[in-house]
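Single-structure report; data block below.
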Amino acid sequence: MAQTTATATPAITRSSMDGKKTIRKGSVIITGASSGLGLATAKALAETGKWHVIMACRDFLKAERAAKSAGMSKENYTIMHLDLASLDSVRQFVDSYKQSGRPLDVLVCNAAVYQPTAKEPSFTAEGFELSVGTNHLGHFLLSRLLLDDLKQSDYPSKRLIIVGSITGNTNTLAGNVPPKANLGDLRGLAGGLNGLNSSTMIDGGELDGAKAYKDSKVCNMLTMQEFHRRFHEETGITFASLYPGCIATSGLFREHIPLFRLLFPPFQKYITKGFVSEDEAGKRLAQVASDPSLTKSGVYWSWNKASASFENQLSQEASDQEKARKIWEVSEKLVGLA
Ligand code: NDP
Ligand code: PMR
């Protein structure tokens, strides 16, 4: 169905009157667009008038309220239900999207959970530890199932963007704050992260919510590169990741202790100077998703103090090709693709 519409409404048409080229609105799916970075990105893209944003969210009402309070106008967005902590929900979302007949030009994997104070593990519907299950495995299945739709897009630049982070990169000061990301030999992931016959942690260690989040971000950055190696040449899709800056006021820290939530924003603003507002971070992600100058594939984008983008270096682990391939293969099995 998606193909029919994509070919029925070509991305670029030439007027028979004056020969001028016009381009149709792009279609972009953003996961977790009900708050923080996802919402700010949805707003930034919607207000250009050049994009129709599909807000893929687990809480429909929250997303609707968020879009309204951000001042987004109705014709620029559609909300669709997606719970990344359930692979059935991911499959249902993909089916509904395909049935909608919309082309897919850009997919932004942005949603995430962070459980720094968890004493006990929580699990996805399929029984994977929640942070890696949501942030990595849910997005892995989503991206794999939508890859063909991206491939069929005739938009001038089609992209798959996966949000990464500095805290997963141990080549930085922020990435050296304990607990550090470390995927080890992937024994926990291979065992299904279920806490029964395997550990809930990728490396097979004891549960640590902050580490699980950072590990999930390493998986996100490795997955982006593996997509690039496997599919960029064949499909022309741009695969990229980014660190948008420290959005210290976002909902990501909702489960952290109150003292952390109080001190973290001023600490990032005045001490590390790594702070960015949700609006600024949204502009950055919107840029990676749509700017005609950022078409390079396989890149991890960051921004300098003057807010100019640059291609950043990933840590050794976050650029380990062998690990990327293993994570891909193990994840395929876990989500039922192999
Ligand atoms: P928020 O908590 O504000 O946003 C996270 C979004 O993910 C929310 O919309 C949330 O939905 C959604 N989400 C969580 N679980 C699920 C699920 N199971 N299914 C669907 N959606 C889900 O955090 P941020 O905006 O800060 O985070 C966005 C991205 O930015 C993440 O990938 C994060 O890792 C990354 N990042 C953030 C940094 C920061 O400093 N904040 C720094 C570097 C990267 P709901 O609204 O329903 O809760
Ligand atoms: Mg970190 C030097 C710069 C720097 C930057 C850019 C960040 C970003 N942090 C930095 C430094 C430090 N942090 C230092 C020196 C400390 C020790 C005092 C510190 C502590 C700290 C904590 C406890 N930082 C944190 C936490 C969290 O719980 C956040 C986290 O790890 O979430 C996974 C976090 C973050 N620091 C950042 C960023 C961007 C985060 C949060 C989000 C993320 O990676 O998604």
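Ordered as shown in the structure tokens, chains take letters A, B, and onward, while each chain numbers its residues from 1 and ligands are numbered from 1 in the order shown.
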
Find the residues near ligand 2. Use a cut-off of 9 Å, count only C-alpha atoms and all ligand atoms, and write them as an mmCIF file with C-alpha atoms, in the first residue's frame.
data_model
loop_
_atom_site.group_PDB
_atom_site.id
_atom_site.type_symbol
_atom_site.label_atom_id
_atom_site.label_comp_id
_atom_site.auth_asym_id
_atom_site.auth_seq_id
_atom_site.Cartn_x
_atom_site.Cartn_y
_atom_site.Cartn_z
ATOM 1 C CA ALA A 112 13.990 5.833 25.851
ATOM 2 C CA TYR A 114 16.157 5.439 32.215
ATOM 3 C CA GLN A 115 15.822 3.676 35.589
ATOM 4 C CA PRO A 116 18.809 4.785 37.669
ATOM 5 C CA GLY A 164 22.803 7.975 21.020
ATOM 6 C CA SER A 165 24.577 9.644 23.926
ATOM 7 C CA ILE A 166 27.863 10.842 25.308
ATOM 8 C CA THR A 167 27.350 8.761 28.461
ATOM 9 C CA GLY A 168 27.698 5.534 26.440
ATOM 10 C CA THR A 172 34.701 11.191 27.208
ATOM 11 C CA LEU A 173 34.659 12.475 30.793
ATOM 12 C CA ALA A 174 30.873 11.993 30.969
ATOM 13 C CA GLY A 175 31.280 8.398 29.774
ATOM 14 C CA ASN A 176 33.724 7.706 32.588
ATOM 15 C CA VAL A 177 31.291 8.547 35.379
ATOM 16 C CA PRO A 178 30.451 5.189 37.013
ATOM 17 C CA PRO A 179 28.760 2.920 36.183
ATOM 18 C CA LYS A 180 30.479 2.816 32.794
ATOM 19 C CA GLY A 209 19.685 0.591 35.892
ATOM 20 C CA ALA A 210 22.081 3.422 34.984
ATOM 21 C CA LYS A 211 24.488 0.990 33.328
ATOM 22 C CA ALA A 212 21.648 -0.768 31.477
ATOM 23 C CA TYR A 213 20.645 2.611 29.976
ATOM 24 C CA LYS A 214 24.215 3.442 28.934
ATOM 25 C CA LYS A 217 22.812 3.650 24.044
ATOM 26 C CA TYR A 243 24.471 13.249 21.001
ATOM 27 C CA PRO A 244 22.083 16.217 21.159
ATOM 28 C CA GLY A 245 23.642 17.779 24.281
ATOM 29 C CA CYS A 246 22.605 17.385 27.899
ATOM 30 C CA ILE A 247 18.863 18.087 28.108
ATOM 31 C CA ALA A 248 18.994 18.117 31.895
ATOM 32 C CA LEU A 252 14.306 11.230 31.213
ATOM 33 C CA PHE A 253 15.282 11.824 34.838
ATOM 34 C CA HIS A 256 15.904 9.879 39.668
ATOM 35 C CA PHE A 260 19.497 14.875 41.553
ATOM 36 C CA PHE A 264 21.487 18.307 37.677
ATOM 37 C CA PHE A 267 25.440 21.441 37.366
ATOM 38 C CA GLN A 268 25.190 20.968 33.595
ATOM 39 C CA ILE A 271 29.868 23.516 35.616
ATOM 40 C CA THR A 272 30.083 21.136 32.664
ATOM 41 C CA LYS A 273 28.466 23.725 30.344
ATOM 42 C CA GLY A 274 26.992 20.755 28.481
ATOM 43 C CA PHE A 275 23.380 21.895 29.046
#

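Every protein or nucleic acid residue with an atom no more than 9 Å from Phe93 of chain A, counting only C-alpha atoms and leaving out same-chain residues fewer than 5 positions away, appears here: A:Ala56, A:Met80, A:His81, A:Leu82, A:Asp83, A:Asp88, A:Lys98, A:Leu142.
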
Would you export the selected residues with N, CA and C atoms as a compact mmCIF listing (two decimals), in the first residue's frame, please?
# COMPACT_ATOMS: atom_id res chain seq x y z
N ALA A 56 4.90 8.63 17.22
CA ALA A 56 4.70 7.23 17.60
C ALA A 56 4.86 7.12 19.11
N MET A 80 0.16 8.02 16.39
CA MET A 80 -0.11 6.59 16.26
C MET A 80 0.43 5.87 17.47
N HIS A 81 -0.29 4.83 17.90
CA HIS A 81 0.11 4.13 19.11
C HIS A 81 1.31 3.22 18.87
N LEU A 82 2.32 3.35 19.73
CA LEU A 82 3.48 2.45 19.69
C LEU A 82 4.03 2.30 21.09
N ASP A 83 4.03 1.06 21.59
CA ASP A 83 4.70 0.77 22.86
C ASP A 83 5.92 -0.08 22.54
N ASP A 88 4.82 -7.11 20.03
CA ASP A 88 3.52 -7.18 19.33
C ASP A 88 3.07 -5.79 18.94
N LYS A 98 1.85 0.73 7.41
CA LYS A 98 1.84 0.28 6.01
C LYS A 98 0.44 0.44 5.42
N LEU A 142 11.57 -2.32 15.09
CA LEU A 142 10.87 -1.26 14.35
C LEU A 142 11.65 -0.87 13.08

Open item on the list: as a list in words, please: every residue in segment 95-329 of chain A that a backbone DSSP assignment puts in strand (DSSP E or B).
Closed with: Val106, Leu107, Val108, Cys109, Phe123, Glu129, Arg159, Leu160, Ile161, Ile162, Val163, Thr238, Phe239, Ala240, Ser241, Leu242, Cys246, Phe275, Val299, Tyr300, Trp301, Ser302, Trp303, Ser309, Phe310 and Glu311 of chain A

Open item on the list: At a cut-off of 12 Å, using only C-alpha atoms, what residues contact Gly251 of chain A? Leave out same-chain residues fewer than 5 positions from it and give the result as a PyMOL selection string.
Closed with: chain A and resi 32-39+111-115+256+261+278

Write a file of the just-selected residues containing C-alpha atoms, as a compact mmCIF listing (two decimals), in the first residue's frame.
# COMPACT_ATOMS: atom_id res chain seq x y z
CA GLY A 32 8.63 9.02 21.97
CA ALA A 33 7.39 12.34 20.58
CA SER A 34 5.16 12.96 23.62
CA SER A 35 7.87 14.76 25.59
CA GLY A 36 11.39 16.15 25.73
CA LEU A 37 13.60 15.80 22.68
CA GLY A 38 11.03 13.91 20.60
CA LEU A 39 8.35 16.55 21.10
CA ALA A 111 12.17 7.10 22.77
CA ALA A 112 13.99 5.83 25.85
CA VAL A 113 13.59 4.88 29.47
CA TYR A 114 16.16 5.44 32.21
CA GLN A 115 15.82 3.68 35.59
CA HIS A 256 15.90 9.88 39.67
CA ARG A 261 16.64 16.49 39.63
CA GLU A 278 14.70 20.95 24.87

Task: Nearest to Leu147 of chain A, chosen from A:Val132, A:Val299, A:Val94, A:Ala338, with only C-alpha atoms counted in the distances - done: A:Val94

Open item on the list: Please list as a PyMOL selection string every residue within 8 Å of segment 306-318 of chain A, counting only C-alpha atoms and excluding residues in the same chain fewer than 4 positions away.
Closed with: chain A and resi 168-171+182+218-219+221-222+299-302+323

TODO: Identify which of the residues A:Arg65, A:Lys74, A:His232, A:Arg159 lies closest to ligand 1, counting only C-alpha atoms and all ligand atoms when measuring atom-to-atom distances.
DONE: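 Ranked by minimum distance to ligand 1, first place goes to A:Arg65.
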
Open item on the list: Using only C-alpha atoms, can you tell me which of A:Ala42, A:Ile237, A:Ala281, A:Ile327 comes closest to Ala66 of chain A?
Closed with: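 When distances to Ala66 of chain A are compared using only C-alpha atoms, the smallest one comes from A:Ala42.
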
Open item on the list: I'd like to know which residues of segment 227-315 of chain A are helix (DSSP H, G or I) (by DSSP, run on the backbone); could you write them as a PyMOL selection string?
Closed with: chain A and resi 227-235+251-253+258-272+278-290

For those residues, write C-alpha atoms to a file as a compact mmCIF listing (two decimals), in the first residue's frame.
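Final file, out-v9.txt:
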# COMPACT_ATOMS: atom_id res chain seq x y z
CA PHE A 227 22.77 -0.60 9.30
CA HIS A 228 25.18 1.68 7.47
CA ARG A 229 27.55 -1.16 6.60
CA ARG A 230 24.78 -3.52 5.51
CA PHE A 231 22.39 -1.19 3.72
CA HIS A 232 23.73 2.25 2.88
CA GLU A 233 25.22 1.44 -0.50
CA GLU A 234 22.33 -0.72 -1.64
CA THR A 235 19.51 1.57 -0.47
CA GLY A 251 11.48 13.77 31.58
CA LEU A 252 14.31 11.23 31.21
CA PHE A 253 15.28 11.82 34.84
CA PRO A 258 14.60 14.62 43.87
CA LEU A 259 18.03 16.01 44.87
CA PHE A 260 19.50 14.87 41.55
CA ARG A 261 16.64 16.49 39.63
CA LEU A 262 17.21 19.73 41.53
CA LEU A 263 21.00 19.90 41.11
CA PHE A 264 21.49 18.31 37.68
CA PRO A 265 20.32 21.27 35.54
CA PRO A 266 22.51 23.92 37.28
CA PHE A 267 25.44 21.44 37.37
CA GLN A 268 25.19 20.97 33.59
CA LYS A 269 24.54 24.68 32.94
CA TYR A 270 27.28 26.23 35.03
CA ILE A 271 29.87 23.52 35.62
CA THR A 272 30.08 21.14 32.66
CA GLU A 278 14.70 20.95 24.87
CA ASP A 279 14.08 23.48 22.07
CA GLU A 280 17.73 23.70 21.08
CA ALA A 281 18.17 19.92 21.22
CA GLY A 282 15.01 19.54 19.09
CA LYS A 283 16.51 21.85 16.45
CA ARG A 284 19.65 19.71 16.43
CA LEU A 285 17.77 16.46 15.92
CA ALA A 286 15.52 18.09 13.31
CA GLN A 287 18.69 19.16 11.51
CA VAL A 288 20.08 15.61 11.50
CA ALA A 289 16.70 14.33 10.26
CA SER A 290 16.19 16.86 7.49

Task: Top pick for closest residue to ligand 1, considering A:Ser15, A:Thr134, A:Ser100, A:Ser27 and counting only C-alpha atoms and all ligand atoms - done: A:Thr134

- [ ] Find, counting only C-alpha atoms and all ligand atoms, the residue in A:Ala118, A:Leu242, A:Met201, A:Met72 that gets nearest to ligand 1.
- [x]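 Looking at the shortest contact to ligand 1, the residue is A:Leu242.
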
TODO: Excluding Trp328 of chain A and any residue of its chain fewer than 5 positions from it, enumerate the residues within 12 Å of it, using only C-alpha atoms, and give them as a VMD selection string.
DONE: chain A and resid 136 to 137 140 to 141 144 186 189 to 190 219 to 227 229 to 230 321 to 323 333 to 335 337 to 338

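For the choices A:Ala125, A:Leu146, A:Leu160, A:Ala85, the atom-to-atom distance to ligand 1 is smallest for A:Ala85 when using only C-alpha atoms and all ligand atoms.
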
- [ ] Pick out the residues sitting within 10 Å of Glu120 of chain A, and hand them over as a list in words; count only C-alpha atoms, and ignore anything fewer than 2 positions along from it in its own chain.
- [x] Thr117, Ala118, Ser122, Phe123, Leu207, Asp208 and Gly209 of chain A
